[in-house]
Every structure is written in C-alpha cells, then in structure tokens.
Amino acid sequence: MDEKKLVEIIEKLRANQREWKTVDAKQSLILKENGDKAEFIKDIAAMANNFETSYLIIGLSDKTFSDAGALSNHYTKNDLNQLLEGNIDPPVIVDYKEFNINSNEYALIEIFGSNPPYIISRDIVHNPADRKKTRIYKGTIFVRHEDRTEGVSRAELEELVTKGLEGNLKSKLRRQRNLLLNVQGIGNIF
C-alpha cells in the first residue's frame with residue numbers, strides 16, 4: 001500500500017466515523033505484555049478470516065480518528081511476523097510500513113488471509129500485572145463484524161470452511177490445468 005491509499009482510508013474513517021470489516025484503527029500498538037500481544041494476535045487472526053485484504057492503521061485516536069501524533073513504538077515487519085509465528089494456524093504473514101504525513105506518524109499493517117479459517121494455536125493469558133486483560137485460547141476462531149472482533153458463530157464457521165475449500169479447490173485445479181498444458185507443450189498461459 002502506498003501513502004495515497006492510506007490517506008484515502010483515513011479520510012473515509014473520518015467521514016463515516018466508524019471502522020468496517022476490513023479496516024481497524026488504533027491509537028497505538030504496544031506489544032510488551034501478554035494482554036497486548038493477545039489483543040494484537042486476535043485482531044490479526046480475525047482480519048485474516050475476511051477473505052480479502054484488511055488493514056490495521058496505528059496512529060488514530062479512538063472513535064474520532066483524529067491524528068495521534070508520533071507513534072509510541074516502532075516495529076518492523078519482522079518483529080510482527082515473529083510475534084505471530086506459532087500463534088495462528090495456518091500461519092499469517094503481515095506487511096508493515098510506517099508513514100510520516102503532515103508531521104503525524106502512522107503505521108499500516110496489511111493482512112491477507114488466503115487459507116481461512118485461521119485458528120489461535122496456543123493460549124495467551126495475561127499476567128495479573130497486565131493493564132490489558134485480553135486473553136485468547138487455543139482453538140478459538142475470531143472474525144471481524146464491521147467495527148468489532150468476536151468469536152465465530154456456527155454459521156460463520158461453515159462459511160469460512162466452505163469458502164476456504166472452494167478457494168483451495170480452484171487453486172489446485174488451476175495448477176493441474178497449467179501442469180497439463182505444460183506437459184502438452186502449450187505452456188503456462190494462465
């Protein structure tokens with residue numbers, strides 16, 4: 001994603017005064033305590049289950065989406081992917097970029113889940129001293145409902161599994177078709 005697309009999304013957040021299924025905004029991203037990590041992993045897993053590219057924007061005040069100023073913490077793509085590793089099954093890889101626009105700092109996390117359902121693969125519970133009490137448990141599946149993240153319902157799980165199977169089948173058929181065309185000497189035209 002480039003700066004122009006980020007600005008468009010921020011303007012849409014401000015105009016609508018709400019988040020939506022593929023866009024979540026946070027004032028800061030702090031990943032020091034287990035509760036903070038659990039909240040981040042939960043959000044990423046839910047957005048990966050969208051079947052479309054989703055974005056987590058850091059640097060916007062809650063509810064008003066006004067600029068928060070400087071980022072409180074700076075991360076790298078590698079930092080975030082290492083945190084996610086082993087906590088979501090199948091693995092989710094995110095892209096991470098930081099932007100400085102009109103003296104305000106933003107971070108953009110781009111999430112694309114190509115193999116839902118994404119399931120929490122280990123328990124992460126908060127320490128008693130954690131300020132954030134979020135905890136997640138192995139086997140939980142989260143989904144995004146417009147402006148909130150929740151556990152999956154049975155109907156949503158059926159939809160995730162069906163869409164996932166359809167996507168895998170289409171991908172396998174495309175690969176087999178290309179293999180057949182290559183064997184026949186036609187070449188990869190798809």
# chains A, B, ... in the order shown; residues from 1 in each chain; ligands from 1
>>> select_by_dssp(residues="chain A", states="strand (DSSP E)", output="ChimeraX atom specification")
/A:23-26,54-58,88-89,94-101,104-111,119-120,142-145,148-151
>>> write_last_selection(atoms="N, CA and C atoms", output="compact mmCIF listing (two decimals), in the first residue's frame")
# COMPACT_ATOMS: atom_id res chain seq x y z
N VAL A 23 -11.11 -2.72 7.93
CA VAL A 23 -10.26 -1.64 8.45
C VAL A 23 -10.50 -1.46 9.95
N ASP A 24 -9.41 -1.54 10.69
CA ASP A 24 -9.43 -1.31 12.13
C ASP A 24 -8.40 -0.22 12.41
N ALA A 25 -8.71 0.69 13.32
CA ALA A 25 -7.79 1.78 13.65
C ALA A 25 -7.50 1.75 15.15
N LYS A 26 -6.25 2.04 15.50
CA LYS A 26 -5.84 2.06 16.90
C LYS A 26 -4.94 3.28 17.13
N SER A 54 -7.08 -6.77 4.40
CA SER A 54 -7.58 -5.95 5.51
C SER A 54 -6.43 -5.12 6.06
N TYR A 55 -6.78 -4.05 6.77
CA TYR A 55 -5.76 -3.11 7.25
C TYR A 55 -5.98 -2.74 8.70
N LEU A 56 -4.89 -2.69 9.44
CA LEU A 56 -4.87 -2.18 10.80
C LEU A 56 -4.02 -0.93 10.76
N ILE A 57 -4.64 0.22 11.07
CA ILE A 57 -3.94 1.51 11.00
C ILE A 57 -3.66 1.98 12.42
N ILE A 58 -2.40 2.27 12.69
CA ILE A 58 -1.97 2.75 14.00
C ILE A 58 -1.66 4.24 13.87
N ILE A 88 -0.93 -18.51 15.34
CA ILE A 88 -2.09 -18.63 14.46
C ILE A 88 -1.81 -19.78 13.49
N ASP A 89 -2.83 -20.63 13.30
CA ASP A 89 -2.70 -21.77 12.40
C ASP A 89 -3.81 -21.73 11.37
N VAL A 94 2.14 -10.76 7.75
CA VAL A 94 1.62 -9.41 7.53
C VAL A 94 2.71 -8.53 6.93
N ASP A 95 2.27 -7.46 6.30
CA ASP A 95 3.19 -6.44 5.82
C ASP A 95 3.05 -5.25 6.77
N TYR A 96 4.14 -4.53 6.99
CA TYR A 96 4.14 -3.41 7.94
C TYR A 96 4.92 -2.27 7.34
N LYS A 97 4.32 -1.08 7.36
CA LYS A 97 5.00 0.12 6.88
C LYS A 97 4.67 1.28 7.81
N GLU A 98 5.62 2.19 7.95
CA GLU A 98 5.40 3.41 8.71
C GLU A 98 5.41 4.60 7.76
N PHE A 99 4.56 5.58 8.05
CA PHE A 99 4.43 6.77 7.21
C PHE A 99 4.51 8.01 8.08
N ASN A 100 5.07 9.07 7.53
CA ASN A 100 5.07 10.38 8.16
C ASN A 100 4.34 11.31 7.20
N ILE A 101 3.13 11.74 7.60
CA ILE A 101 2.29 12.56 6.74
C ILE A 101 1.89 13.81 7.52
N ASN A 104 2.55 13.90 11.20
CA ASN A 104 1.93 12.83 12.00
C ASN A 104 2.50 11.50 11.54
N GLU A 105 2.69 10.61 12.50
CA GLU A 105 3.21 9.28 12.18
C GLU A 105 2.08 8.26 12.21
N TYR A 106 2.10 7.35 11.24
CA TYR A 106 1.14 6.26 11.15
C TYR A 106 1.90 4.98 10.86
N ALA A 107 1.33 3.88 11.31
CA ALA A 107 1.82 2.56 10.91
C ALA A 107 0.65 1.85 10.24
N LEU A 108 0.96 1.10 9.22
CA LEU A 108 -0.06 0.37 8.49
C LEU A 108 0.33 -1.10 8.45
N ILE A 109 -0.57 -1.93 8.93
CA ILE A 109 -0.37 -3.38 8.87
C ILE A 109 -1.37 -3.92 7.87
N GLU A 110 -0.85 -4.59 6.85
CA GLU A 110 -1.69 -5.16 5.79
C GLU A 110 -1.78 -6.67 6.01
N ILE A 111 -3.01 -7.17 6.06
CA ILE A 111 -3.26 -8.58 6.36
C ILE A 111 -4.04 -9.19 5.20
N ILE A 119 -6.96 -20.10 13.06
CA ILE A 119 -7.31 -20.53 14.41
C ILE A 119 -6.17 -20.17 15.35
N ILE A 120 -6.51 -19.72 16.54
CA ILE A 120 -5.50 -19.46 17.57
C ILE A 120 -4.86 -20.80 17.93
N PHE A 142 -11.60 -16.23 15.49
CA PHE A 142 -12.17 -14.89 15.58
C PHE A 142 -12.53 -14.38 14.19
N VAL A 143 -13.58 -13.57 14.13
CA VAL A 143 -13.99 -12.92 12.88
C VAL A 143 -14.26 -11.45 13.18
N ARG A 144 -14.23 -10.67 12.13
CA ARG A 144 -14.46 -9.23 12.25
C ARG A 144 -15.90 -8.95 11.81
N HIS A 145 -16.64 -8.25 12.67
CA HIS A 145 -18.00 -7.79 12.37
C HIS A 145 -17.97 -6.28 12.32
N ARG A 148 -16.00 -4.47 15.14
CA ARG A 148 -15.60 -5.22 16.33
C ARG A 148 -15.15 -6.63 15.96
N THR A 149 -14.38 -7.22 16.86
CA THR A 149 -13.87 -8.58 16.67
C THR A 149 -14.53 -9.50 17.68
N GLU A 150 -15.03 -10.64 17.20
CA GLU A 150 -15.73 -11.57 18.07
C GLU A 150 -15.39 -13.00 17.70
N GLY A 151 -15.75 -13.92 18.59
CA GLY A 151 -15.61 -15.34 18.28
C GLY A 151 -16.58 -15.71 17.17
>>> closest_atom_pairs(of="segment 37-142 of chain A", to="segment 13-21 of chain A", cutoff="12 Å", atoms="only C-alpha atoms", output="JSON lines")
{"residue": "A:Asp43", "atom": "CA", "partner": "A:Lys21", "partner_atom": "CA", "distance": 11.2}
{"residue": "A:Ala46", "atom": "CA", "partner": "A:Lys21", "partner_atom": "CA", "distance": 9.5}
{"residue": "A:Met47", "atom": "CA", "partner": "A:Lys21", "partner_atom": "CA", "distance": 7.7}
{"residue": "A:Ala48", "atom": "CA", "partner": "A:Lys21", "partner_atom": "CA", "distance": 10.8}
{"residue": "A:Asn49", "atom": "CA", "partner": "A:Lys21", "partner_atom": "CA", "distance": 10.4}
{"residue": "A:Asn50", "atom": "CA", "partner": "A:Lys21", "partner_atom": "CA", "distance": 7.6}
{"residue": "A:Phe51", "atom": "CA", "partner": "A:Lys21", "partner_atom": "CA", "distance": 10.8}
{"residue": "A:Glu52", "atom": "CA", "partner": "A:Lys21", "partner_atom": "CA", "distance": 9.8}
{"residue": "A:Thr53", "atom": "CA", "partner": "A:Lys21", "partner_atom": "CA", "distance": 10.3}
{"residue": "A:Ser54", "atom": "CA", "partner": "A:Lys21", "partner_atom": "CA", "distance": 7.9}
{"residue": "A:Tyr55", "atom": "CA", "partner": "A:Lys21", "partner_atom": "CA", "distance": 9.4}
{"residue": "A:Leu56", "atom": "CA", "partner": "A:Glu19", "partner_atom": "CA", "distance": 10.2}
{"residue": "A:Ile57", "atom": "CA", "partner": "A:Glu19", "partner_atom": "CA", "distance": 10.5}
{"residue": "A:Leu60", "atom": "CA", "partner": "A:Leu13", "partner_atom": "CA", "distance": 9.8}
{"residue": "A:Ser61", "atom": "CA", "partner": "A:Arg14", "partner_atom": "CA", "distance": 10.7}
{"residue": "A:Asp62", "atom": "CA", "partner": "A:Arg18", "partner_atom": "CA", "distance": 9.7}
{"residue": "A:Lys63", "atom": "CA", "partner": "A:Gln17", "partner_atom": "CA", "distance": 6.9}
{"residue": "A:Thr64", "atom": "CA", "partner": "A:Gln17", "partner_atom": "CA", "distance": 6.6}
{"residue": "A:Phe65", "atom": "CA", "partner": "A:Arg14", "partner_atom": "CA", "distance": 5.8}
{"residue": "A:Ser66", "atom": "CA", "partner": "A:Arg14", "partner_atom": "CA", "distance": 7.6}
{"residue": "A:Asp67", "atom": "CA", "partner": "A:Arg14", "partner_atom": "CA", "distance": 10.4}
>>> residues_around(residues="Asp36 of chain A", least_positions_apart="2", cutoff="12 Å", atoms="only C-alpha atoms", output="MDAnalysis selection string")
chainID A and resid 28:34 38:43 83 124:127 130:136
>>> select_by_dssp(residues="chain A", states="alpha helix (DSSP H)", output="PyMOL selection string")
chain A and resi 3-16+34-48+77-84+154-183
>>> closest_residue(among="A:Tyr118, A:Leu179, A:Asn73, A:Met1", to="Ile93 of chain A", atoms="only C-alpha atoms")
A:Tyr118
>>> atom_distance(atom1="atom CA of Ala129 of chain A", atom2="atom CA of Lys77 of chain A")
28.0 Å
>>> closest_residue(among="A:Lys138, A:Ser153, A:Asn115, A:Ser121", to="Gly86 of chain A", atoms="only C-alpha atoms")
A:Ser121
>>> closest_residue(among="A:Ile9, A:Asn78, A:Glu85, A:Pro117", to="Thr22 of chain A", atoms="only C-alpha atoms")
A:Ile9
